[in-house]
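Undergrad: Next up, target33.txt (compact mmCIF, C-alpha atoms).
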```txt
# COMPACT_ATOMS: atom_id res chain seq x y z
CA ASP A 1 191.68 77.63 203.27
CA ASP A 2 194.27 76.59 205.85
CA ARG A 3 192.64 73.40 207.13
CA ALA A 4 193.92 69.86 207.54
CA LEU A 5 192.51 67.32 205.09
CA MET A 6 189.93 65.58 207.30
CA ASP A 7 188.83 68.84 208.94
CA TRP A 8 188.53 70.40 205.47
CA LEU A 9 186.50 67.44 204.16
CA THR A 10 184.19 66.59 207.04
CA ASP A 11 183.56 70.03 208.56
CA TYR A 12 183.49 72.15 205.41
CA ILE A 13 183.43 70.42 202.02
CA PHE A 14 181.03 67.52 202.60
CA PRO A 15 178.37 69.68 204.38
CA ALA A 16 178.69 72.46 201.78
CA GLU A 17 178.28 69.98 198.93
CA VAL A 18 175.00 68.67 200.31
CA GLU A 19 173.70 72.21 200.79
CA PHE A 20 174.85 73.92 197.58
CA VAL A 21 175.79 71.44 194.87
CA ASP A 22 173.31 70.72 192.08
CA SER A 23 173.73 70.18 188.35
CA GLU A 24 173.77 73.93 187.66
CA PHE A 25 176.52 74.44 190.26
CA VAL A 26 178.54 71.67 188.60
CA ARG A 27 177.95 73.07 185.10
CA ILE A 28 179.18 76.54 186.05
CA GLY A 29 182.11 75.23 188.09
CA THR A 30 183.18 72.90 185.30
CA GLU A 31 183.04 75.70 182.72
CA VAL A 32 185.18 77.96 184.91
CA SER A 33 187.65 75.10 185.39
CA CYS A 34 187.80 74.26 181.69
CA TRP A 35 188.37 77.94 180.90
CA GLU A 36 191.31 78.03 183.31
CA MET A 37 192.76 74.76 182.06
CA ILE A 38 192.57 75.84 178.41
CA ARG A 39 194.12 79.20 179.33
CA GLY A 40 197.04 77.36 180.91
CA GLY A 41 197.49 74.83 178.12
CA THR A 42 195.99 71.75 179.75
CA THR A 43 194.41 69.53 177.09
CA THR A 44 193.34 66.48 179.14
CA PHE A 45 192.13 66.02 182.71
CA VAL A 46 190.73 63.39 185.06
CA ASP A 47 187.78 64.51 187.16
CA MET A 48 185.92 63.00 190.11
CA TYR A 49 182.75 64.80 191.09
CA TYR A 50 178.97 64.70 191.19
CA TYR A 51 176.60 65.00 188.21
CA PRO A 52 179.09 63.44 185.78
CA ASP A 53 176.67 63.77 182.85
CA THR A 54 176.78 67.54 183.31
CA ILE A 55 180.58 67.50 183.43
CA ALA A 56 180.76 65.39 180.28
CA GLU A 57 178.40 67.77 178.45
CA VAL A 58 180.60 70.76 179.32
CA VAL A 59 183.71 68.89 178.14
CA GLU A 60 181.97 67.97 174.90
CA ARG A 61 181.08 71.61 174.21
CA CYS A 62 184.41 73.20 175.21
CA GLY A 63 186.53 70.73 173.25
CA MET A 64 188.80 69.34 175.96
CA ARG A 65 189.63 65.69 176.56
CA ALA A 66 188.65 64.10 179.88
CA LEU A 67 188.22 60.97 181.90
CA VAL A 68 185.04 61.74 183.85
CA SER A 69 184.54 59.71 187.03
CA ALA A 70 181.17 58.84 188.49
CA THR A 71 181.80 59.41 192.20
CA VAL A 72 181.13 56.49 194.55
CA ILE A 73 180.92 57.36 198.25
CA ASP A 74 179.08 55.79 201.18
CA GLN A 75 177.20 58.83 202.41
CA ARG A 76 174.47 61.12 201.23
CA SER A 77 175.83 63.16 198.35
CA PRO A 78 174.29 65.70 195.99
CA ASP A 79 173.34 63.05 193.42
CA ALA A 80 173.11 59.74 195.33
CA GLU A 81 172.10 58.23 198.67
CA GLY A 82 175.08 56.00 199.40
CA ALA A 83 177.50 53.51 197.88
CA THR A 84 174.97 51.13 196.30
CA ASP A 85 173.05 54.00 194.73
CA SER A 86 176.32 55.63 193.59
CA ILE A 87 177.48 52.46 191.83
CA ALA A 88 174.11 51.98 190.12
CA LYS A 89 173.92 55.58 188.93
CA GLY A 90 177.57 55.48 187.90
CA GLY A 91 176.82 52.46 185.74
CA GLY A 92 174.01 54.37 184.07
CA PHE A 93 176.34 57.29 183.35
CA ILE A 94 178.91 54.94 181.82
CA ASP A 95 176.24 53.30 179.65
CA ARG A 96 175.19 56.71 178.35
CA TRP A 97 178.70 57.95 177.54
CA GLN A 98 180.79 54.89 176.72
CA ASN A 99 181.87 55.11 173.06
CA ARG A 100 179.62 58.16 172.63
CA HIS A 101 182.38 60.72 172.13
CA PRO A 102 186.06 60.17 171.30
CA ARG A 103 187.28 62.84 173.75
CA ILE A 104 185.24 61.70 176.76
CA THR A 105 185.97 58.51 178.70
CA PRO A 106 183.50 57.63 181.49
CA ILE A 107 184.97 55.77 184.48
CA PHE A 108 184.17 54.99 188.13
CA GLY A 109 185.50 57.19 190.95
CA PRO A 110 185.34 55.51 194.37
CA HIS A 111 186.40 58.26 196.77
CA ALA A 112 188.74 56.50 199.23
CA ASN A 113 189.10 53.52 201.54
CA TYR A 114 187.85 55.60 204.49
CA THR A 115 184.59 56.65 202.79
CA LEU A 116 183.93 53.16 201.42
CA ASP A 117 184.45 49.81 203.11
CA ALA A 118 186.24 46.84 201.57
CA GLU A 119 183.08 45.23 200.20
CA GLN A 120 181.93 48.48 198.59
CA LEU A 121 185.34 48.97 197.00
CA ARG A 122 185.25 45.38 195.73
CA LYS A 123 181.80 45.92 194.22
CA THR A 124 182.97 49.11 192.53
CA ARG A 125 185.82 47.19 190.88
CA GLU A 126 183.37 44.48 189.81
CA ALA A 127 181.14 47.13 188.23
CA ALA A 128 184.14 48.67 186.47
CA GLN A 129 185.14 45.27 185.10
CA LYS A 130 181.58 44.63 183.94
CA HIS A 131 181.58 47.89 182.00
CA GLY A 132 185.21 47.58 180.89
CA VAL A 133 186.31 50.91 182.36
CA ALA A 134 189.03 52.24 184.64
CA ILE A 135 188.84 53.52 188.19
CA SER A 136 190.16 56.73 189.76
CA ILE A 137 190.60 56.87 193.55
CA HIS A 138 192.38 58.84 196.28
CA VAL A 139 195.12 56.62 197.71
CA SER A 140 197.55 57.01 200.61
CA GLU A 141 196.95 60.75 200.74
CA SER A 142 197.36 61.50 204.44
CA PRO A 143 198.62 60.08 207.75
CA PHE A 144 194.96 59.79 208.78
CA GLU A 145 194.27 57.40 205.91
CA SER A 146 197.32 55.31 206.71
CA GLN A 147 196.31 55.00 210.37
CA TYR A 148 192.66 54.34 209.45
CA SER A 149 193.68 51.48 207.19
CA GLN A 150 195.92 49.93 209.85
CA ASP A 151 193.23 50.27 212.53
CA ASN A 152 190.42 48.83 210.40
CA TYR A 153 192.19 46.33 208.14
CA GLY A 154 195.55 45.63 209.77
CA LYS A 155 197.20 46.65 206.50
CA THR A 156 198.46 49.78 204.80
CA SER A 157 196.09 51.40 202.28
CA ILE A 158 197.71 50.01 199.13
CA GLU A 159 198.20 46.56 200.66
CA MET A 160 194.52 46.51 201.64
CA LEU A 161 193.40 47.48 198.12
CA ASP A 162 195.69 44.89 196.56
CA ASP A 163 194.42 42.24 198.96
CA ILE A 164 190.80 42.68 197.80
CA GLY A 165 191.74 42.60 194.11
CA PHE A 166 191.07 46.29 193.62
CA PHE A 167 194.01 46.66 191.24
CA ASP A 168 192.73 43.88 188.94
CA GLY A 169 191.96 46.48 186.30
CA PRO A 170 193.12 49.92 185.16
CA THR A 171 193.55 52.19 188.19
CA ILE A 172 194.44 55.87 188.57
CA ALA A 173 195.66 56.65 192.09
CA ALA A 174 195.60 60.29 193.13
CA HIS A 175 198.24 61.62 195.56
CA VAL A 176 200.08 58.52 196.96
CA VAL A 177 202.02 60.50 199.55
CA TRP A 178 202.74 57.80 202.14
CA PRO A 179 203.55 54.53 200.34
CA THR A 180 205.97 52.04 201.88
CA ASP A 181 208.68 50.44 199.75
CA GLU A 182 206.54 47.31 199.57
CA GLU A 183 203.56 49.34 198.39
CA ILE A 184 205.65 51.05 195.72
CA SER A 185 206.50 47.60 194.37
CA ILE A 186 202.79 46.75 194.29
CA LEU A 187 202.00 49.93 192.35
CA ALA A 188 204.69 49.16 189.79
CA GLU A 189 203.69 45.50 189.44
CA ARG A 190 199.96 46.29 189.10
CA LYS A 191 200.66 49.11 186.60
CA VAL A 192 198.75 51.62 188.70
CA GLY A 193 198.94 55.17 187.34
CA VAL A 194 199.93 57.58 190.12
CA ILE A 195 199.08 61.28 189.83
CA HIS A 196 201.22 63.61 191.94
CA ASN A 197 199.51 66.82 193.14
CA PRO A 198 202.26 68.83 194.88
CA THR A 199 200.38 72.08 195.56
CA SER A 200 197.40 70.35 197.15
CA ASN A 201 199.64 68.08 199.21
CA MET A 202 201.55 71.11 200.47
CA LYS A 203 198.51 73.27 201.19
CA ILE A 204 196.69 70.60 203.22
CA ALA A 205 200.00 69.50 204.78
CA SER A 206 199.52 65.93 203.57
CA GLY A 207 203.26 65.47 203.11
CA ILE A 208 205.83 65.07 200.33
CA SER A 209 205.25 62.16 197.99
CA PRO A 210 208.33 59.99 197.23
CA VAL A 211 208.03 60.71 193.51
CA ALA A 212 211.66 60.05 192.60
CA LYS A 213 211.61 56.71 194.40
CA MET A 214 208.41 55.68 192.61
CA LEU A 215 209.83 56.66 189.22
CA ASP A 216 212.99 54.66 189.94
CA ALA A 217 210.81 51.66 190.79
CA GLY A 218 208.98 51.89 187.47
CA VAL A 219 205.69 53.33 188.71
CA ARG A 220 203.68 55.13 186.04
CA MET A 221 203.64 58.77 187.14
CA GLY A 222 201.78 61.88 186.03
CA LEU A 223 201.10 65.36 187.37
CA GLY A 224 197.86 67.01 188.44
CA THR A 225 196.53 70.02 190.28
CA ASP A 226 193.76 68.42 192.37
CA GLY A 227 190.60 70.53 192.54
CA ALA A 228 190.64 74.29 192.93
CA ALA A 229 189.19 73.97 196.44
CA SER A 230 192.39 72.35 197.71
CA ASN A 231 194.83 74.17 195.45
CA ASN A 232 193.16 77.44 194.51
CA ASP A 233 194.20 77.27 190.87
CA LEU A 234 194.62 74.74 188.08
CA ASP A 235 198.05 75.86 186.85
CA MET A 236 200.09 72.89 185.65
CA TRP A 237 203.19 75.05 185.13
CA GLU A 238 203.25 75.69 188.86
CA GLU A 239 202.83 71.96 189.53
CA MET A 240 205.87 71.15 187.38
CA ARG A 241 208.09 73.58 189.25
CA LEU A 242 206.89 72.53 192.70
CA ALA A 243 207.15 68.82 191.91
CA SER A 244 210.80 69.26 190.97
CA PHE A 245 211.71 71.60 193.84
CA LEU A 246 209.98 69.51 196.51
CA GLN A 247 211.96 66.42 195.61
CA LYS A 248 215.22 68.37 195.51
CA VAL A 249 214.79 69.93 198.93
CA GLU A 250 213.31 66.80 200.52
CA GLN A 251 216.29 64.72 199.38
CA MET A 252 218.78 67.60 199.60
CA ASN A 253 219.85 66.68 196.08
CA PRO A 254 219.55 69.25 193.27
CA GLU A 255 219.92 66.54 190.62
CA VAL A 256 216.67 64.78 191.57
CA LEU A 257 213.62 65.17 189.27
CA SER A 258 215.18 67.18 186.47
CA ALA A 259 213.26 69.57 184.24
CA GLU A 260 213.14 66.96 181.50
CA THR A 261 211.73 64.33 183.88
CA VAL A 262 209.03 66.68 185.17
CA LEU A 263 208.05 67.77 181.66
CA ARG A 264 207.66 64.10 180.75
CA MET A 265 205.41 63.55 183.79
CA ALA A 266 203.22 66.45 182.62
CA THR A 267 202.90 65.05 179.09
CA SER A 268 203.62 61.50 177.96
CA GLY A 269 204.01 60.14 181.49
CA GLY A 270 200.65 61.51 182.54
CA ALA A 271 199.00 60.12 179.41
CA THR A 272 200.38 56.65 180.17
CA ALA A 273 199.35 56.89 183.83
CA ILE A 274 195.70 57.52 182.89
CA GLY A 275 195.62 54.89 180.17
CA LEU A 276 195.80 57.18 177.11
CA GLY A 277 199.47 56.78 176.27
CA ASP A 278 198.73 55.14 172.92
CA SER A 279 196.73 58.12 171.66
CA VAL A 280 197.99 61.33 173.34
CA GLY A 281 200.89 62.73 175.35
CA SER A 282 203.48 63.10 172.60
CA LEU A 283 203.67 64.46 169.06
CA GLU A 284 204.09 61.54 166.66
CA PRO A 285 202.30 59.97 163.70
CA GLY A 286 199.14 58.07 164.56
CA LYS A 287 198.33 59.97 167.76
CA ARG A 288 195.58 62.53 168.26
CA ALA A 289 196.43 66.15 167.45
CA ASP A 290 196.57 67.51 171.01
CA LEU A 291 199.18 70.27 171.23
CA ILE A 292 199.85 73.70 172.66
CA GLN A 293 202.01 76.62 171.58
CA VAL A 294 204.01 78.58 174.15
CA ALA A 295 205.15 82.07 173.26
CA PHE A 296 208.80 82.72 174.12
CA ASP A 297 208.83 86.38 173.05
CA ASP A 298 208.28 87.86 176.53
CA VAL A 299 211.35 89.40 178.12
CA HIS A 300 211.24 86.99 181.07
CA PHE A 301 212.48 84.29 178.67
CA VAL A 302 215.58 86.28 177.78
CA PRO A 303 218.12 84.79 177.49
CA THR A 304 217.03 81.28 176.53
CA TYR A 305 219.78 78.68 176.59
CA ASP A 306 217.63 75.58 177.20
CA VAL A 307 214.01 75.40 176.06
CA ILE A 308 213.06 72.55 178.41
CA SER A 309 214.55 74.35 181.39
CA HIS A 310 212.55 77.47 180.56
CA LEU A 311 209.32 75.53 180.07
CA VAL A 312 209.60 74.04 183.55
CA TYR A 313 211.35 76.75 185.55
CA VAL A 314 210.22 79.98 183.82
CA ALA A 315 206.98 79.60 181.82
CA ASP A 316 203.54 80.12 183.31
CA GLU A 317 199.96 79.93 182.04
CA GLN A 318 200.08 83.49 180.65
CA ASP A 319 202.69 82.34 178.12
CA VAL A 320 200.38 79.83 176.44
CA ALA A 321 199.38 81.22 173.04
CA SER A 322 197.30 78.51 171.40
CA VAL A 323 195.66 75.22 172.40
CA THR A 324 194.52 72.46 170.05
CA VAL A 325 192.72 69.26 171.10
CA ASP A 326 191.94 66.50 168.61
CA GLY A 327 192.86 68.87 165.80
CA ARG A 328 190.41 71.58 166.91
CA LEU A 329 191.63 74.99 168.01
CA LEU A 330 190.25 75.87 171.45
CA MET A 331 192.34 79.02 171.94
CA ARG A 332 194.25 81.03 169.34
CA ASP A 333 196.62 83.82 170.33
CA GLY A 334 194.93 83.99 173.73
CA GLU A 335 191.43 84.22 172.26
CA PHE A 336 188.94 81.57 173.41
CA LEU A 337 187.08 79.92 170.55
CA THR A 338 184.83 77.44 172.41
CA ILE A 339 183.96 79.18 175.70
CA ASP A 340 182.21 82.52 176.17
CA THR A 341 184.49 84.09 178.76
CA GLU A 342 182.13 86.90 179.77
CA ARG A 343 179.17 84.56 180.21
CA VAL A 344 181.24 82.20 182.36
CA ARG A 345 182.52 85.11 184.45
CA ARG A 346 178.97 86.46 184.91
CA GLU A 347 177.41 83.12 185.87
CA ALA A 348 180.23 82.14 188.24
CA THR A 349 180.10 85.53 189.96
CA ALA A 350 176.33 85.25 190.42
CA LEU A 351 176.62 81.72 191.81
CA ALA A 352 179.34 82.78 194.25
CA ALA A 353 177.16 85.67 195.45
CA ARG A 354 174.26 83.29 196.14
CA ILE A 355 176.52 80.97 198.12
CA GLN A 356 178.00 83.86 200.10
CA ALA A 357 174.53 85.23 200.91
CA SER A 358 173.33 81.80 202.02
CA LEU A 359 176.35 81.35 204.30
CA ALA A 360 175.84 84.79 205.82
CA GLU A 361 172.18 84.00 206.52
CA ARG A 362 173.05 80.65 208.07
CA ASN A 363 175.71 82.17 210.31
CA ARG A 364 173.48 84.91 211.77
```
What is this structure when it is put down as structure tokens?

TA:
Amino acid sequence: DDRALMDWLTDYIFPAEVEFVDSEFVRIGTEVSCWEMIRGGTTTFVDMYYYPDTIAEVVERCGMRALVSATVIDQRSPDAEGATDSIAKGGGFIDRWQNRHPRITPIFGPHANYTLDAEQLRKTREAAQKHGVAISIHVSESPFESQYSQDNYGKTSIEMLDDIGFFDGPTIAAHVVWPTDEEISILAERKVGVIHNPTSNMKIASGISPVAKMLDAGVRMGLGTDGAASNNDLDMWEEMRLASFLQKVEQMNPEVLSAETVLRMATSGGATAIGLGDSVGSLEPGKRADLIQVAFDDVHFVPTYDVISHLVYVADEQDVASVTVDGRLLMRDGEFLTIDTERVRREATALAARIQASLAERNR
């Protein structure tokens, strides 16, 4: 907690991943995350982490829908030895899962333009085009990244990616906190899907993304939580509220990013941003049966004058009653039907204890 992005990554997260992360770690962590997302009514997520086969297997069992990214990074990681190895192993993952399951979409996940050079990013896009899949990447997240791109390429991050043809295929860009007006035009023209993560951006002090400006320019926008390590929870209700309030206070305009606009970003807008707008994100004939029920019988909803206002400004994950994905009930009246809550709690607690003991031993 309470670290700047690059300090958090290089001094804490990257070293810890090499030491602790294996397929069992990823399985348990993914199950805990899927439990929390189902509890809060999230039906679909985009993930970028190691051991993507393990992640996909958990998603298959728990019933959620996901775009699972094979991480590409130019450093030793838990499941690869650098960028070339990451791309090759990512291609194998995509071969194993492409068209294997209707709820799981395998894609490539190059980390960022400061953990991969231009040629490695170009090769990742070539591999994605070869396999016919999308890419998810962190883009324009911090002032460090902006300065790094200027120092190394003489261009802003998005201009650099556009210059190498990186956007010549479906792209999901996480964060996008520091785009220039010219870069916003590029994002709109290239149909890049931007995912806004307000809690993470606030916690790591990355900045306030110009969400309203991007929406006005026609950029495809969705909402996300980022990972629990940089947010601490996966509560999309909180993200909706914060997304709206941040834009209002940043622009000193209470009319910016209305409840209806934010709800759209969390549903149909997000589906379009990640390339699934034709199949999910809204309730209409021909789309997949992904839906949630929110109970309005708690006293904190009284009185209710505007349902959309209450969904965005009042509701939280405890109000979600039932979750259905692809026509299958995952939670009914708060009861989990696809995940053994007590087993997940037990395994996650045991894993955390092992990590804590290892850290204590190392720090003696």

Undergrad: Compile the contact shell of Phe166 (chain A) as number ranges by chain: residues with an atom at most 12 Å away, counting only C-alpha atoms, same-chain residues fewer than 2 positions apart removed.

TA: A: 110, 112-113, 118-129, 134-137, 139, 157-164, 168-173, 186-187, 190, 192

Undergrad: Here is a test: counting only C-alpha atoms, which residue of A:Lys191, A:Val294, A:Val320, A:Asp326 is nearest to His101 (chain A)?

TA: A:Asp326

Undergrad: Between CA of Met236 (chain A) and CA of Tyr305 (chain A), what is the spacing in Å?

TA: 22.4 Å

Undergrad: Would you work out the distance separating CA of Phe20 (chain A) from CA of Pro78 (chain A), expressed in Å to one decimal?

TA: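 CA of Pro78 (chain A) lies at a distance of 8.4 Å from CA of Phe20 (chain A).
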
Undergrad: Would you list the contacts of Phe144 (chain A) as an MDAnalysis selection string, taking every protein, DNA or RNA residue within 12 Å and counting only C-alpha atoms, but skipping same-chain residues closer than 6 positions in sequence?

TA: chainID A and resid 4:7 112:114 150:152 156:157 177:178 205:207

Undergrad: May I have the selected residues written with C-alpha atoms, as a JSON list (two decimals), keeping the file's coordinate frame?

TA:
```json
[["chain", "number", "residue", "atom", "x", "y", "z"],
["A", 4, "ALA", "CA", 193.92, 69.86, 207.54],
["A", 5, "LEU", "CA", 192.51, 67.32, 205.09],
["A", 6, "MET", "CA", 189.93, 65.58, 207.30],
["A", 7, "ASP", "CA", 188.83, 68.84, 208.94],
["A", 112, "ALA", "CA", 188.74, 56.50, 199.23],
["A", 113, "ASN", "CA", 189.10, 53.52, 201.54],
["A", 114, "TYR", "CA", 187.85, 55.60, 204.49],
["A", 150, "GLN", "CA", 195.92, 49.93, 209.85],
["A", 151, "ASP", "CA", 193.23, 50.27, 212.53],
["A", 152, "ASN", "CA", 190.42, 48.83, 210.40],
["A", 156, "THR", "CA", 198.46, 49.78, 204.80],
["A", 157, "SER", "CA", 196.09, 51.40, 202.28],
["A", 177, "VAL", "CA", 202.02, 60.50, 199.55],
["A", 178, "TRP", "CA", 202.74, 57.80, 202.14],
["A", 205, "ALA", "CA", 200.00, 69.50, 204.78],
["A", 206, "SER", "CA", 199.52, 65.93, 203.57],
["A", 207, "GLY", "CA", 203.26, 65.47, 203.11]]
```

Undergrad: Near Ser258 (chain A), within 10 Å and counting all atoms listed in the file, which residues show up once chain neighbours fewer than 6 positions away are dropped, as a PyMOL selection string?

TA: chain A and resi 241+243-245+247-248+264+308-309+312

Undergrad: What's the separation between CA of Lys287 (chain A) and CA of Val46 (chain A), in Å to one decimal place?

TA: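 According to the coordinates, CA of Lys287 (chain A) and CA of Val46 (chain A) are separated by 19.2 Å.
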
Undergrad: Show which residues sit within 9 Å of Trp97 (chain A), as a list in words. Count all atoms listed in the file, and ignore same-chain residues fewer than 4 positions away.

TA: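 Selected residues are Asp53, Ala56, Gly92, Phe93, His101, Ile104, Thr105 and Pro106 of chain A.
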
Undergrad: A:Val58, A:Gly63, A:His111, A:Ala259: which is nearest Gly82 (chain A), counting all atoms listed in the file?

TA: A:His111

Undergrad: Find the residues around Pro52 (chain A) up to 12 Å (only C-alpha atoms counted), leave out those fewer than 6 positions away in its own chain, and share them as a ChimeraX atom specification.

TA: /A:22-24,26-27,30,46,58-59,66-72,78-80,86,89-94,96-97,104-109

Undergrad: I need the residues from that last selection saved to file as a PDB file, in the frame of the given file (with C-alpha atoms), if you can.

TA:
```pdb
ATOM      1  CA  ASP A  22     173.310  70.720 192.080  1.00  0.00           C
ATOM      2  CA  SER A  23     173.730  70.180 188.350  1.00  0.00           C
ATOM      3  CA  GLU A  24     173.770  73.930 187.660  1.00  0.00           C
ATOM      4  CA  VAL A  26     178.540  71.670 188.600  1.00  0.00           C
ATOM      5  CA  ARG A  27     177.950  73.070 185.100  1.00  0.00           C
ATOM      6  CA  THR A  30     183.180  72.900 185.300  1.00  0.00           C
ATOM      7  CA  VAL A  46     190.730  63.390 185.060  1.00  0.00           C
ATOM      8  CA  VAL A  58     180.600  70.760 179.320  1.00  0.00           C
ATOM      9  CA  VAL A  59     183.710  68.890 178.140  1.00  0.00           C
ATOM     10  CA  ALA A  66     188.650  64.100 179.880  1.00  0.00           C
ATOM     11  CA  LEU A  67     188.220  60.970 181.900  1.00  0.00           C
ATOM     12  CA  VAL A  68     185.040  61.740 183.850  1.00  0.00           C
ATOM     13  CA  SER A  69     184.540  59.710 187.030  1.00  0.00           C
ATOM     14  CA  ALA A  70     181.170  58.840 188.490  1.00  0.00           C
ATOM     15  CA  THR A  71     181.800  59.410 192.200  1.00  0.00           C
ATOM     16  CA  VAL A  72     181.130  56.490 194.550  1.00  0.00           C
ATOM     17  CA  PRO A  78     174.290  65.700 195.990  1.00  0.00           C
ATOM     18  CA  ASP A  79     173.340  63.050 193.420  1.00  0.00           C
ATOM     19  CA  ALA A  80     173.110  59.740 195.330  1.00  0.00           C
ATOM     20  CA  SER A  86     176.320  55.630 193.590  1.00  0.00           C
ATOM     21  CA  LYS A  89     173.920  55.580 188.930  1.00  0.00           C
ATOM     22  CA  GLY A  90     177.570  55.480 187.900  1.00  0.00           C
ATOM     23  CA  GLY A  91     176.820  52.460 185.740  1.00  0.00           C
ATOM     24  CA  GLY A  92     174.010  54.370 184.070  1.00  0.00           C
ATOM     25  CA  PHE A  93     176.340  57.290 183.350  1.00  0.00           C
ATOM     26  CA  ILE A  94     178.910  54.940 181.820  1.00  0.00           C
ATOM     27  CA  ARG A  96     175.190  56.710 178.350  1.00  0.00           C
ATOM     28  CA  TRP A  97     178.700  57.950 177.540  1.00  0.00           C
ATOM     29  CA  ILE A 104     185.240  61.700 176.760  1.00  0.00           C
ATOM     30  CA  THR A 105     185.970  58.510 178.700  1.00  0.00           C
ATOM     31  CA  PRO A 106     183.500  57.630 181.490  1.00  0.00           C
ATOM     32  CA  ILE A 107     184.970  55.770 184.480  1.00  0.00           C
ATOM     33  CA  PHE A 108     184.170  54.990 188.130  1.00  0.00           C
ATOM     34  CA  GLY A 109     185.500  57.190 190.950  1.00  0.00           C
TER      35      GLY A 109
END
```

Undergrad: Hey, which of A:Leu9, A:Val194, A:Ala16, A:Ile28 ends up closest to Asp340 (chain A)? Count only C-alpha atoms.

TA: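 Ranked by minimum distance to Asp340 (chain A), first place goes to A:Ile28.
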
Undergrad: Given only C-alpha atoms as the basis, pick out the residue of A:Val256, A:Ile204, A:Leu223, A:Met214 nearest to Ser268 (chain A).

TA: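 Result for the nearest residue to Ser268 (chain A): A:Leu223.
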
Undergrad: Which residue, A:Pro210, A:Gly154, A:Pro179, A:Gly218, has the smallest gap to Ser142 (chain A) when you use only C-alpha atoms?

TA: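 Comparing A:Pro210, A:Gly154, A:Pro179, A:Gly218 against Ser142 (chain A), the winner is A:Pro179.
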
Undergrad: Return the single residue from A:Thr43, A:Gln251, A:Ser230, A:Thr225 that is closest to Val325 (chain A), with distances computed using all atoms listed in the file.

TA: A:Thr43
